[in-house]
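Source file: input-v4.cif. Holds: mmCIF, N, CA and C atoms.
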```cif
data_coords
#
loop_
_atom_site.label_atom_id
_atom_site.label_comp_id
_atom_site.auth_asym_id
_atom_site.auth_seq_id
_atom_site.Cartn_x
_atom_site.Cartn_y
_atom_site.Cartn_z
N SER D 1 -17.13 1.95 1.32
CA SER D 1 -15.74 2.37 1.35
C SER D 1 -15.05 1.90 0.08
N GLU D 2 -14.18 2.73 -0.46
CA GLU D 2 -13.50 2.43 -1.71
C GLU D 2 -12.29 1.53 -1.51
N THR D 3 -11.68 1.56 -0.33
CA THR D 3 -10.50 0.77 -0.08
C THR D 3 -10.75 -0.16 1.09
N LYS D 4 -9.98 -1.21 1.16
CA LYS D 4 -10.13 -2.20 2.21
C LYS D 4 -8.82 -2.33 2.96
N LYS D 5 -8.90 -2.36 4.27
CA LYS D 5 -7.70 -2.46 5.10
C LYS D 5 -7.47 -3.91 5.50
N ILE D 6 -6.23 -4.35 5.39
CA ILE D 6 -5.82 -5.64 5.89
C ILE D 6 -4.60 -5.41 6.76
N ALA D 7 -4.72 -5.70 8.02
CA ALA D 7 -3.59 -5.58 8.93
C ALA D 7 -2.79 -6.86 8.89
N PRO D 8 -1.50 -6.80 9.29
CA PRO D 8 -0.73 -8.04 9.34
C PRO D 8 -1.46 -9.06 10.23
N ALA D 9 -1.47 -10.31 9.81
CA ALA D 9 -2.20 -11.33 10.56
C ALA D 9 -1.38 -12.60 10.67
N THR D 10 -1.54 -13.28 11.76
CA THR D 10 -0.90 -14.58 11.93
C THR D 10 -1.84 -15.63 11.37
N PHE D 11 -1.27 -16.64 10.71
CA PHE D 11 -2.10 -17.63 10.06
C PHE D 11 -1.37 -18.96 9.97
N SER D 12 -2.11 -19.99 9.63
CA SER D 12 -1.52 -21.27 9.25
C SER D 12 -2.33 -21.80 8.09
N VAL D 13 -1.68 -22.55 7.22
CA VAL D 13 -2.37 -23.10 6.06
C VAL D 13 -2.11 -24.60 6.01
N ALA D 14 -2.87 -25.28 5.16
CA ALA D 14 -2.81 -26.73 5.09
C ALA D 14 -1.39 -27.25 4.85
N GLY D 15 -0.58 -26.49 4.13
CA GLY D 15 0.78 -26.91 3.83
C GLY D 15 1.69 -26.90 5.04
N GLY D 16 1.19 -26.46 6.19
CA GLY D 16 1.98 -26.50 7.39
C GLY D 16 2.70 -25.20 7.72
N TYR D 17 2.68 -24.24 6.82
CA TYR D 17 3.35 -22.99 7.09
C TYR D 17 2.49 -22.13 7.99
N GLY D 18 3.07 -21.62 9.03
CA GLY D 18 2.38 -20.69 9.91
C GLY D 18 3.27 -19.48 10.08
N GLY D 19 2.72 -18.29 10.14
CA GLY D 19 3.55 -17.11 10.29
C GLY D 19 2.75 -15.86 10.13
N GLN D 20 3.43 -14.81 9.76
CA GLN D 20 2.77 -13.53 9.57
C GLN D 20 2.73 -13.23 8.09
N VAL D 21 1.64 -12.63 7.65
CA VAL D 21 1.51 -12.26 6.24
C VAL D 21 2.71 -11.41 5.87
N GLY D 22 3.35 -11.76 4.77
CA GLY D 22 4.52 -11.02 4.31
C GLY D 22 5.82 -11.57 4.87
N ALA D 23 5.74 -12.56 5.75
CA ALA D 23 6.95 -13.13 6.33
C ALA D 23 7.59 -14.11 5.36
N SER D 24 8.82 -14.50 5.64
CA SER D 24 9.52 -15.48 4.82
C SER D 24 9.56 -16.81 5.54
N THR D 25 9.59 -17.88 4.77
CA THR D 25 9.80 -19.19 5.36
C THR D 25 11.29 -19.46 5.31
N ALA D 26 11.72 -20.52 5.97
CA ALA D 26 13.14 -20.86 5.96
C ALA D 26 13.61 -21.13 4.54
N GLY D 27 12.72 -21.64 3.69
CA GLY D 27 13.10 -21.99 2.33
C GLY D 27 12.97 -20.85 1.34
N GLY D 28 12.51 -19.68 1.75
CA GLY D 28 12.36 -18.59 0.80
C GLY D 28 11.09 -17.81 1.06
N ASN D 29 10.74 -16.97 0.13
CA ASN D 29 9.56 -16.12 0.28
C ASN D 29 8.28 -16.91 0.09
N VAL D 30 7.23 -16.47 0.75
CA VAL D 30 5.91 -17.05 0.59
C VAL D 30 5.39 -16.62 -0.78
N ASN D 31 4.86 -17.55 -1.57
CA ASN D 31 4.34 -17.15 -2.88
C ASN D 31 2.95 -16.55 -2.72
N SER D 32 2.49 -15.87 -3.75
CA SER D 32 1.23 -15.13 -3.66
C SER D 32 0.03 -16.05 -3.42
N GLU D 33 0.07 -17.27 -3.95
CA GLU D 33 -1.04 -18.18 -3.72
C GLU D 33 -1.14 -18.55 -2.24
N ASP D 34 0.01 -18.79 -1.58
CA ASP D 34 0.01 -19.09 -0.15
C ASP D 34 -0.54 -17.92 0.64
N VAL D 35 -0.11 -16.71 0.28
CA VAL D 35 -0.56 -15.51 0.99
C VAL D 35 -2.06 -15.32 0.80
N GLU D 36 -2.54 -15.47 -0.44
CA GLU D 36 -3.97 -15.31 -0.69
C GLU D 36 -4.78 -16.35 0.06
N ALA D 37 -4.33 -17.60 0.08
CA ALA D 37 -5.04 -18.66 0.81
C ALA D 37 -5.04 -18.35 2.30
N ALA D 38 -3.92 -17.89 2.81
CA ALA D 38 -3.82 -17.58 4.24
C ALA D 38 -4.73 -16.41 4.60
N LEU D 39 -4.78 -15.41 3.75
CA LEU D 39 -5.66 -14.27 4.02
C LEU D 39 -7.11 -14.69 4.01
N ALA D 40 -7.48 -15.51 3.04
CA ALA D 40 -8.87 -15.98 2.99
C ALA D 40 -9.21 -16.77 4.25
N ALA D 41 -8.25 -17.61 4.69
CA ALA D 41 -8.48 -18.40 5.91
C ALA D 41 -8.53 -17.49 7.14
N ALA D 42 -7.62 -16.53 7.21
CA ALA D 42 -7.54 -15.66 8.39
C ALA D 42 -8.73 -14.72 8.49
N PHE D 43 -9.20 -14.24 7.35
CA PHE D 43 -10.26 -13.24 7.36
C PHE D 43 -11.60 -13.79 6.92
N GLY D 44 -11.66 -15.02 6.51
CA GLY D 44 -12.91 -15.61 6.07
C GLY D 44 -13.51 -14.88 4.88
N GLY D 45 -12.67 -14.24 4.09
CA GLY D 45 -13.15 -13.53 2.91
C GLY D 45 -13.75 -12.18 3.21
N SER D 46 -13.74 -11.77 4.47
CA SER D 46 -14.29 -10.46 4.78
C SER D 46 -13.56 -9.84 5.96
N ALA D 47 -13.69 -8.54 6.06
CA ALA D 47 -13.15 -7.78 7.18
C ALA D 47 -14.23 -6.81 7.60
N ALA D 48 -14.03 -6.15 8.72
CA ALA D 48 -15.03 -5.18 9.18
C ALA D 48 -15.34 -4.21 8.06
N GLY D 49 -16.59 -4.11 7.70
CA GLY D 49 -16.96 -3.15 6.68
C GLY D 49 -17.11 -3.72 5.29
N GLY D 50 -16.70 -4.97 5.02
CA GLY D 50 -16.93 -5.49 3.68
C GLY D 50 -15.94 -6.56 3.30
N ASN D 51 -15.97 -6.93 2.02
CA ASN D 51 -15.10 -7.98 1.51
C ASN D 51 -13.68 -7.49 1.37
N VAL D 52 -12.74 -8.40 1.55
CA VAL D 52 -11.33 -8.08 1.39
C VAL D 52 -10.95 -8.33 -0.06
N ASP D 53 -10.32 -7.37 -0.70
CA ASP D 53 -9.81 -7.57 -2.05
C ASP D 53 -8.37 -8.04 -1.90
N ILE D 54 -8.17 -9.36 -1.83
CA ILE D 54 -6.85 -9.88 -1.56
C ILE D 54 -5.96 -9.92 -2.80
N ARG D 55 -6.45 -9.47 -3.92
CA ARG D 55 -5.67 -9.51 -5.15
C ARG D 55 -5.05 -8.16 -5.51
N SER D 56 -5.22 -7.16 -4.69
CA SER D 56 -4.75 -5.83 -5.03
C SER D 56 -3.25 -5.68 -4.87
N ARG D 57 -2.63 -5.11 -5.88
CA ARG D 57 -1.21 -4.77 -5.82
C ARG D 57 -1.02 -3.30 -5.41
N ILE D 58 -2.13 -2.61 -5.16
CA ILE D 58 -2.11 -1.17 -4.91
C ILE D 58 -2.32 -0.87 -3.44
N LEU D 59 -1.43 -0.04 -2.89
CA LEU D 59 -1.56 0.41 -1.51
C LEU D 59 -1.86 1.90 -1.49
N VAL D 60 -2.66 2.31 -0.52
CA VAL D 60 -2.92 3.74 -0.27
C VAL D 60 -2.36 4.03 1.12
N LEU D 61 -1.45 4.99 1.19
CA LEU D 61 -0.85 5.38 2.46
C LEU D 61 -1.45 6.70 2.92
N HIS D 62 -1.93 6.70 4.15
CA HIS D 62 -2.49 7.91 4.74
C HIS D 62 -1.51 8.47 5.77
N ASN D 63 -1.57 9.76 6.01
CA ASN D 63 -0.79 10.44 7.05
C ASN D 63 0.70 10.57 6.73
N MET D 64 1.07 10.54 5.45
CA MET D 64 2.47 10.68 5.09
C MET D 64 2.78 12.03 4.46
N VAL D 65 1.76 12.71 3.96
CA VAL D 65 1.97 13.95 3.23
C VAL D 65 1.12 15.05 3.85
N THR D 66 1.73 16.21 4.06
CA THR D 66 1.00 17.35 4.61
C THR D 66 0.67 18.33 3.50
N GLU D 67 -0.20 19.25 3.81
CA GLU D 67 -0.57 20.31 2.86
C GLU D 67 0.67 21.09 2.41
N ASP D 68 1.56 21.37 3.35
CA ASP D 68 2.79 22.12 3.02
C ASP D 68 3.69 21.34 2.07
N ASP D 69 3.73 20.01 2.21
CA ASP D 69 4.55 19.17 1.32
C ASP D 69 4.12 19.30 -0.14
N LEU D 70 2.84 19.57 -0.34
CA LEU D 70 2.29 19.62 -1.69
C LEU D 70 2.43 20.99 -2.35
N LYS D 71 2.66 22.02 -1.58
CA LYS D 71 2.70 23.38 -2.11
C LYS D 71 3.97 23.68 -2.89
N ASP D 72 5.10 23.36 -2.31
CA ASP D 72 6.39 23.69 -2.90
C ASP D 72 6.85 22.58 -3.85
N ASP D 73 7.14 22.93 -5.11
CA ASP D 73 7.52 21.93 -6.11
C ASP D 73 8.77 21.15 -5.71
N ALA D 74 9.79 21.84 -5.20
CA ALA D 74 11.04 21.18 -4.83
C ALA D 74 10.81 20.23 -3.65
N GLU D 75 10.05 20.66 -2.66
CA GLU D 75 9.78 19.81 -1.50
C GLU D 75 8.95 18.59 -1.91
N TYR D 76 7.97 18.82 -2.79
CA TYR D 76 7.12 17.73 -3.29
C TYR D 76 7.98 16.68 -4.01
N LYS D 77 8.85 17.14 -4.89
CA LYS D 77 9.71 16.23 -5.65
C LYS D 77 10.63 15.43 -4.72
N GLU D 78 11.22 16.09 -3.74
CA GLU D 78 12.12 15.42 -2.80
C GLU D 78 11.36 14.38 -1.96
N LEU D 79 10.17 14.76 -1.49
CA LEU D 79 9.36 13.84 -0.70
C LEU D 79 8.98 12.61 -1.52
N LYS D 80 8.56 12.82 -2.75
CA LYS D 80 8.17 11.71 -3.62
C LYS D 80 9.35 10.77 -3.86
N GLU D 81 10.53 11.34 -4.09
CA GLU D 81 11.73 10.52 -4.29
C GLU D 81 12.08 9.73 -3.03
N ASP D 82 11.96 10.36 -1.86
CA ASP D 82 12.26 9.69 -0.59
C ASP D 82 11.31 8.52 -0.35
N ILE D 83 10.02 8.75 -0.56
CA ILE D 83 9.02 7.69 -0.36
C ILE D 83 9.26 6.57 -1.36
N GLN D 84 9.52 6.91 -2.61
CA GLN D 84 9.75 5.90 -3.64
C GLN D 84 10.98 5.07 -3.29
N SER D 85 12.04 5.71 -2.87
CA SER D 85 13.27 5.01 -2.52
C SER D 85 13.04 4.03 -1.36
N GLU D 86 12.36 4.48 -0.32
CA GLU D 86 12.10 3.64 0.85
C GLU D 86 11.16 2.48 0.50
N CYS D 87 10.08 2.75 -0.21
CA CYS D 87 9.09 1.72 -0.50
C CYS D 87 9.59 0.71 -1.53
N ALA D 88 10.55 1.10 -2.36
CA ALA D 88 11.13 0.18 -3.33
C ALA D 88 11.98 -0.89 -2.65
N THR D 89 12.38 -0.67 -1.41
CA THR D 89 13.15 -1.69 -0.68
C THR D 89 12.24 -2.83 -0.22
N MET D 90 10.93 -2.64 -0.33
CA MET D 90 9.96 -3.63 0.18
C MET D 90 9.39 -4.51 -0.92
N GLY D 91 9.81 -4.28 -2.15
CA GLY D 91 9.31 -5.04 -3.28
C GLY D 91 9.48 -4.23 -4.55
N GLN D 92 9.20 -4.85 -5.69
CA GLN D 92 9.33 -4.13 -6.97
C GLN D 92 8.19 -3.12 -7.09
N LEU D 93 8.55 -1.87 -7.01
CA LEU D 93 7.59 -0.78 -7.08
C LEU D 93 7.45 -0.34 -8.53
N ASN D 94 6.25 -0.52 -9.10
CA ASN D 94 6.02 -0.16 -10.49
C ASN D 94 5.56 1.28 -10.67
N GLY D 95 5.00 1.88 -9.61
CA GLY D 95 4.52 3.25 -9.74
C GLY D 95 4.22 3.86 -8.39
N ILE D 96 4.26 5.18 -8.37
CA ILE D 96 3.91 5.95 -7.18
C ILE D 96 3.19 7.21 -7.64
N GLU D 97 2.10 7.51 -6.98
CA GLU D 97 1.32 8.71 -7.27
C GLU D 97 1.05 9.44 -5.95
N ILE D 98 1.26 10.74 -5.97
CA ILE D 98 0.92 11.58 -4.82
C ILE D 98 0.13 12.78 -5.37
N PRO D 99 -1.18 12.63 -5.47
CA PRO D 99 -2.00 13.71 -6.04
C PRO D 99 -1.89 15.01 -5.24
N ARG D 100 -1.85 16.10 -5.97
CA ARG D 100 -1.77 17.42 -5.34
C ARG D 100 -3.13 18.11 -5.30
N ARG D 101 -4.14 17.47 -5.90
CA ARG D 101 -5.51 18.02 -5.86
C ARG D 101 -6.50 16.88 -6.02
N GLY D 102 -7.75 17.16 -5.76
CA GLY D 102 -8.79 16.14 -5.88
C GLY D 102 -8.97 15.35 -4.59
N ARG D 103 -9.81 14.32 -4.68
CA ARG D 103 -10.11 13.49 -3.49
C ARG D 103 -8.89 12.80 -2.92
N GLY D 104 -7.94 12.45 -3.77
CA GLY D 104 -6.75 11.72 -3.32
C GLY D 104 -5.64 12.61 -2.81
N LYS D 105 -5.89 13.90 -2.76
CA LYS D 105 -4.87 14.85 -2.33
C LYS D 105 -4.33 14.47 -0.95
N GLY D 106 -3.01 14.40 -0.87
CA GLY D 106 -2.37 14.12 0.41
C GLY D 106 -2.18 12.64 0.71
N LYS D 107 -2.64 11.78 -0.17
CA LYS D 107 -2.45 10.34 0.01
C LYS D 107 -1.33 9.89 -0.92
N VAL D 108 -0.70 8.78 -0.57
CA VAL D 108 0.34 8.19 -1.41
C VAL D 108 -0.19 6.87 -1.95
N TYR D 109 -0.11 6.70 -3.26
CA TYR D 109 -0.58 5.49 -3.93
C TYR D 109 0.63 4.74 -4.46
N LEU D 110 0.78 3.48 -4.06
CA LEU D 110 1.90 2.66 -4.49
C LEU D 110 1.40 1.47 -5.29
N GLU D 111 2.05 1.21 -6.42
CA GLU D 111 1.73 0.04 -7.25
C GLU D 111 2.91 -0.92 -7.18
N TYR D 112 2.68 -2.08 -6.58
CA TYR D 112 3.70 -3.12 -6.52
C TYR D 112 3.50 -4.11 -7.64
N SER D 113 4.53 -4.87 -7.95
CA SER D 113 4.50 -5.83 -9.04
C SER D 113 3.58 -7.02 -8.75
N THR D 114 3.55 -7.45 -7.49
CA THR D 114 2.73 -8.61 -7.13
C THR D 114 1.91 -8.32 -5.88
N VAL D 115 0.88 -9.12 -5.69
CA VAL D 115 0.04 -9.02 -4.50
C VAL D 115 0.87 -9.32 -3.26
N ALA D 116 1.71 -10.35 -3.34
CA ALA D 116 2.53 -10.72 -2.18
C ALA D 116 3.45 -9.58 -1.76
N GLU D 117 4.03 -8.88 -2.73
CA GLU D 117 4.90 -7.74 -2.40
C GLU D 117 4.10 -6.62 -1.74
N ALA D 118 2.91 -6.37 -2.26
CA ALA D 118 2.07 -5.32 -1.67
C ALA D 118 1.68 -5.67 -0.24
N ILE D 119 1.34 -6.93 -0.01
CA ILE D 119 0.97 -7.37 1.33
C ILE D 119 2.16 -7.25 2.28
N GLY D 120 3.33 -7.65 1.82
CA GLY D 120 4.54 -7.52 2.64
C GLY D 120 4.84 -6.07 2.97
N ALA D 121 4.73 -5.18 1.97
CA ALA D 121 4.98 -3.76 2.20
C ALA D 121 3.95 -3.18 3.16
N ALA D 122 2.70 -3.59 3.01
CA ALA D 122 1.65 -3.09 3.90
C ALA D 122 1.96 -3.45 5.35
N GLY D 123 2.45 -4.67 5.56
CA GLY D 123 2.81 -5.09 6.90
C GLY D 123 3.94 -4.28 7.49
N GLN D 124 4.87 -3.84 6.65
CA GLN D 124 5.99 -3.03 7.12
C GLN D 124 5.61 -1.57 7.33
N LEU D 125 4.65 -1.08 6.55
CA LEU D 125 4.32 0.35 6.59
C LEU D 125 3.19 0.70 7.56
N ASP D 126 2.20 -0.16 7.70
CA ASP D 126 1.04 0.15 8.52
C ASP D 126 1.47 0.31 9.99
N GLY D 127 1.13 1.46 10.56
CA GLY D 127 1.47 1.73 11.95
C GLY D 127 2.84 2.35 12.15
N ARG D 128 3.59 2.50 11.07
CA ARG D 128 4.93 3.09 11.14
C ARG D 128 4.82 4.59 11.36
N GLU D 129 5.71 5.12 12.17
CA GLU D 129 5.72 6.57 12.40
C GLU D 129 6.43 7.27 11.26
N PHE D 130 5.84 8.34 10.79
CA PHE D 130 6.41 9.15 9.71
C PHE D 130 6.27 10.60 10.16
N GLY D 131 7.37 11.19 10.62
CA GLY D 131 7.27 12.51 11.22
C GLY D 131 6.49 12.40 12.50
N ASP D 132 5.47 13.23 12.64
CA ASP D 132 4.63 13.20 13.84
C ASP D 132 3.38 12.34 13.65
N ALA D 133 3.25 11.70 12.51
CA ALA D 133 2.04 10.95 12.20
C ALA D 133 2.31 9.45 12.17
N VAL D 134 1.23 8.68 12.27
CA VAL D 134 1.30 7.23 12.15
C VAL D 134 0.65 6.85 10.82
N VAL D 135 1.39 6.11 10.01
CA VAL D 135 0.93 5.73 8.68
C VAL D 135 -0.18 4.68 8.78
N LYS D 136 -1.23 4.89 8.00
CA LYS D 136 -2.34 3.94 7.87
C LYS D 136 -2.32 3.44 6.43
N VAL D 137 -2.38 2.13 6.25
CA VAL D 137 -2.31 1.53 4.91
C VAL D 137 -3.62 0.83 4.58
N GLU D 138 -4.08 1.04 3.36
CA GLU D 138 -5.26 0.35 2.83
C GLU D 138 -4.91 -0.17 1.44
N PHE D 139 -5.67 -1.16 0.99
CA PHE D 139 -5.55 -1.64 -0.38
C PHE D 139 -6.58 -0.93 -1.23
N MET D 140 -6.25 -0.78 -2.52
CA MET D 140 -7.15 -0.12 -3.47
C MET D 140 -7.37 -1.06 -4.65
N GLU D 141 -8.56 -1.01 -5.20
CA GLU D 141 -8.84 -1.81 -6.39
C GLU D 141 -7.92 -1.35 -7.51
N GLU D 142 -7.31 -2.31 -8.21
CA GLU D 142 -6.38 -1.99 -9.28
C GLU D 142 -7.03 -1.17 -10.39
N ARG D 143 -8.28 -1.50 -10.71
CA ARG D 143 -8.98 -0.78 -11.77
C ARG D 143 -9.08 0.71 -11.45
N LYS D 144 -9.39 1.01 -10.20
CA LYS D 144 -9.51 2.42 -9.80
C LYS D 144 -8.17 3.13 -9.88
N TYR D 145 -7.11 2.42 -9.51
CA TYR D 145 -5.77 3.01 -9.60
C TYR D 145 -5.42 3.28 -11.07
N MET D 146 -5.64 2.30 -11.92
CA MET D 146 -5.31 2.44 -13.34
C MET D 146 -6.12 3.56 -14.00
N ASP D 147 -7.35 3.75 -13.52
CA ASP D 147 -8.20 4.83 -14.03
C ASP D 147 -7.88 6.17 -13.39
N LYS D 148 -6.91 6.19 -12.46
CA LYS D 148 -6.53 7.40 -11.70
C LYS D 148 -7.72 7.95 -10.94
N ASP D 149 -8.54 7.03 -10.41
CA ASP D 149 -9.73 7.39 -9.64
C ASP D 149 -9.33 7.57 -8.17
N PHE D 150 -8.60 8.66 -7.95
CA PHE D 150 -8.09 8.92 -6.60
C PHE D 150 -9.08 9.78 -5.83
#
```
How would this structure read if it were set down as structure tokens?
Amino acid sequence: SETKKIAPATFSVAGGYGGQVGASTAGGNVNSEDVEAALAAAFGGSAAGGNVDIRSRILVLHNMVTEDDLKDDAEYKELKEDIQSECATMGQLNGIEIPRRGRGKGKVYLEYSTVAEAIGAAGQLDGREFGDAVVKVEFMEERKYMDKDF
């Protein structure tokens, strides 16, 4: 599999913080090192199907775009703006791609500024209803995203 799924998970780390991945502590946001350590502890470095890439800032969203959304230029542009606007509320969004052809057709690719932001956004988006569909979120290797290997 090219992408790895990480669902929100409850964890505790040596520093005493326990919570959900992407959650905030009373003193502020969880830093990326805490999140990465917690994920490694929670998942033991692996998930069903293979190793977890806990350093990815890239999310792949499934079930958000239909064939009809991709056909009409105006509808495509509006949908892309709507998704970008919503997902930017979850962290600094550096890029969004919604391929209209190829293997990645119909998927939404989001590039967040940090791993922690991507993990937080994944927790908010995975399982969310979008129209009649339920969104599925996976992480993607940054190299593949940068190479536009959709």
Report as an mmCIF file with N, CA and C atoms, in the coordinates of the input the residues that result from applying the PyMOL selection byres (((chain D and resi 79 and name CA) around 12) and name CA) to the structure here.
```cif
data_model
loop_
_atom_site.group_PDB
_atom_site.id
_atom_site.type_symbol
_atom_site.label_atom_id
_atom_site.label_comp_id
_atom_site.auth_asym_id
_atom_site.auth_seq_id
_atom_site.Cartn_x
_atom_site.Cartn_y
_atom_site.Cartn_z
ATOM 1 N N MET D 64 1.070 10.540 5.450
ATOM 2 C CA MET D 64 2.470 10.680 5.090
ATOM 3 C C MET D 64 2.780 12.030 4.460
ATOM 4 N N VAL D 65 1.760 12.710 3.960
ATOM 5 C CA VAL D 65 1.970 13.950 3.230
ATOM 6 C C VAL D 65 1.120 15.050 3.850
ATOM 7 N N THR D 66 1.730 16.210 4.060
ATOM 8 C CA THR D 66 1.000 17.350 4.610
ATOM 9 C C THR D 66 0.670 18.330 3.500
ATOM 10 N N ASP D 68 1.560 21.370 3.350
ATOM 11 C CA ASP D 68 2.790 22.120 3.020
ATOM 12 C C ASP D 68 3.690 21.340 2.070
ATOM 13 N N ASP D 69 3.730 20.010 2.210
ATOM 14 C CA ASP D 69 4.550 19.170 1.320
ATOM 15 C C ASP D 69 4.120 19.300 -0.140
ATOM 16 N N LEU D 70 2.840 19.570 -0.340
ATOM 17 C CA LEU D 70 2.290 19.620 -1.690
ATOM 18 C C LEU D 70 2.430 20.990 -2.350
ATOM 19 N N LYS D 71 2.660 22.020 -1.580
ATOM 20 C CA LYS D 71 2.700 23.380 -2.110
ATOM 21 C C LYS D 71 3.970 23.680 -2.890
ATOM 22 N N ASP D 72 5.100 23.360 -2.310
ATOM 23 C CA ASP D 72 6.390 23.690 -2.900
ATOM 24 C C ASP D 72 6.850 22.580 -3.850
ATOM 25 N N ASP D 73 7.140 22.930 -5.110
ATOM 26 C CA ASP D 73 7.520 21.930 -6.110
ATOM 27 C C ASP D 73 8.770 21.150 -5.710
ATOM 28 N N ALA D 74 9.790 21.840 -5.200
ATOM 29 C CA ALA D 74 11.040 21.180 -4.830
ATOM 30 C C ALA D 74 10.810 20.230 -3.650
ATOM 31 N N GLU D 75 10.050 20.660 -2.660
ATOM 32 C CA GLU D 75 9.780 19.810 -1.500
ATOM 33 C C GLU D 75 8.950 18.590 -1.910
ATOM 34 N N TYR D 76 7.970 18.820 -2.790
ATOM 35 C CA TYR D 76 7.120 17.730 -3.290
ATOM 36 C C TYR D 76 7.980 16.680 -4.010
ATOM 37 N N LYS D 77 8.850 17.140 -4.890
ATOM 38 C CA LYS D 77 9.710 16.230 -5.650
ATOM 39 C C LYS D 77 10.630 15.430 -4.720
ATOM 40 N N GLU D 78 11.220 16.090 -3.740
ATOM 41 C CA GLU D 78 12.120 15.420 -2.800
ATOM 42 C C GLU D 78 11.360 14.380 -1.960
ATOM 43 N N LYS D 80 8.560 12.820 -2.750
ATOM 44 C CA LYS D 80 8.170 11.710 -3.620
ATOM 45 C C LYS D 80 9.350 10.770 -3.860
ATOM 46 N N GLU D 81 10.530 11.340 -4.090
ATOM 47 C CA GLU D 81 11.730 10.520 -4.290
ATOM 48 C C GLU D 81 12.080 9.730 -3.030
ATOM 49 N N ASP D 82 11.960 10.360 -1.860
ATOM 50 C CA ASP D 82 12.260 9.690 -0.590
ATOM 51 C C ASP D 82 11.310 8.520 -0.350
ATOM 52 N N ILE D 83 10.020 8.750 -0.560
ATOM 53 C CA ILE D 83 9.020 7.690 -0.360
ATOM 54 C C ILE D 83 9.260 6.570 -1.360
ATOM 55 N N GLN D 84 9.520 6.910 -2.610
ATOM 56 C CA GLN D 84 9.750 5.900 -3.640
ATOM 57 C C GLN D 84 10.980 5.070 -3.290
ATOM 58 N N SER D 85 12.040 5.710 -2.870
ATOM 59 C CA SER D 85 13.270 5.010 -2.520
ATOM 60 C C SER D 85 13.040 4.030 -1.360
ATOM 61 N N GLU D 86 12.360 4.480 -0.320
ATOM 62 C CA GLU D 86 12.100 3.640 0.850
ATOM 63 C C GLU D 86 11.160 2.480 0.500
ATOM 64 N N ILE D 96 4.260 5.180 -8.370
ATOM 65 C CA ILE D 96 3.910 5.950 -7.180
ATOM 66 C C ILE D 96 3.190 7.210 -7.640
ATOM 67 N N GLU D 97 2.100 7.510 -6.980
ATOM 68 C CA GLU D 97 1.320 8.710 -7.270
ATOM 69 C C GLU D 97 1.050 9.440 -5.950
ATOM 70 N N ILE D 98 1.260 10.740 -5.970
ATOM 71 C CA ILE D 98 0.920 11.580 -4.820
ATOM 72 C C ILE D 98 0.130 12.780 -5.370
ATOM 73 N N GLY D 106 -3.010 14.400 -0.870
ATOM 74 C CA GLY D 106 -2.370 14.120 0.410
ATOM 75 C C GLY D 106 -2.180 12.640 0.710
ATOM 76 N N VAL D 108 -0.700 8.780 -0.570
ATOM 77 C CA VAL D 108 0.340 8.190 -1.410
ATOM 78 C C VAL D 108 -0.190 6.870 -1.950
ATOM 79 N N PHE D 130 5.840 8.340 10.790
ATOM 80 C CA PHE D 130 6.410 9.150 9.710
ATOM 81 C C PHE D 130 6.270 10.600 10.160
#
```
Q.
So, with only C-alpha atoms as the atoms that count, which of D:Leu125, D:Gly102, D:Asn63, D:Arg57 lies closest to D:Thr89?
A. D:Leu125
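For the set D:Glu67, D:Tyr112, D:Lys107, D:Arg100, the residue with the smallest atom-to-atom gap to D:Val137 is D:Lys107, counting only C-alpha atoms.
For stretch 145-149 of chain D, the set of protein, DNA and RNA residues having any atom at most 8 Å away, when counting only N, CA and C atoms and skipping those fewer than 6 positions along the same chain, is Ile58, Arg103 and Gly104 of chain D.
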Selection export as a compact mmCIF listing (two decimals), in the coordinates of the input, atoms kept: N, CA and C atoms:
```txt
# COMPACT_ATOMS: atom_id res chain seq x y z
N ILE D 58 -2.13 -2.61 -5.16
CA ILE D 58 -2.11 -1.17 -4.91
C ILE D 58 -2.32 -0.87 -3.44
N ARG D 103 -9.81 14.32 -4.68
CA ARG D 103 -10.11 13.49 -3.49
C ARG D 103 -8.89 12.80 -2.92
N GLY D 104 -7.94 12.45 -3.77
CA GLY D 104 -6.75 11.72 -3.32
C GLY D 104 -5.64 12.61 -2.81
```
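Here atom C of D:Pro99 and atom C of D:Leu59 stand 13.6 Å from one another.
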Q. Residues picked by the PyMOL selection byres ((chain D and resi 114) around 8) here, as a PyMOL selection string?
A. chain D and resi 32+55-58+91-94+111-113+115-120
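Going from atom CA of D:Phe139 to atom C of D:Ala88 covers 17.7 Å.
Across the model, the gap from atom C of D:Val60 to atom N of D:Val135 is 9.9 Å.
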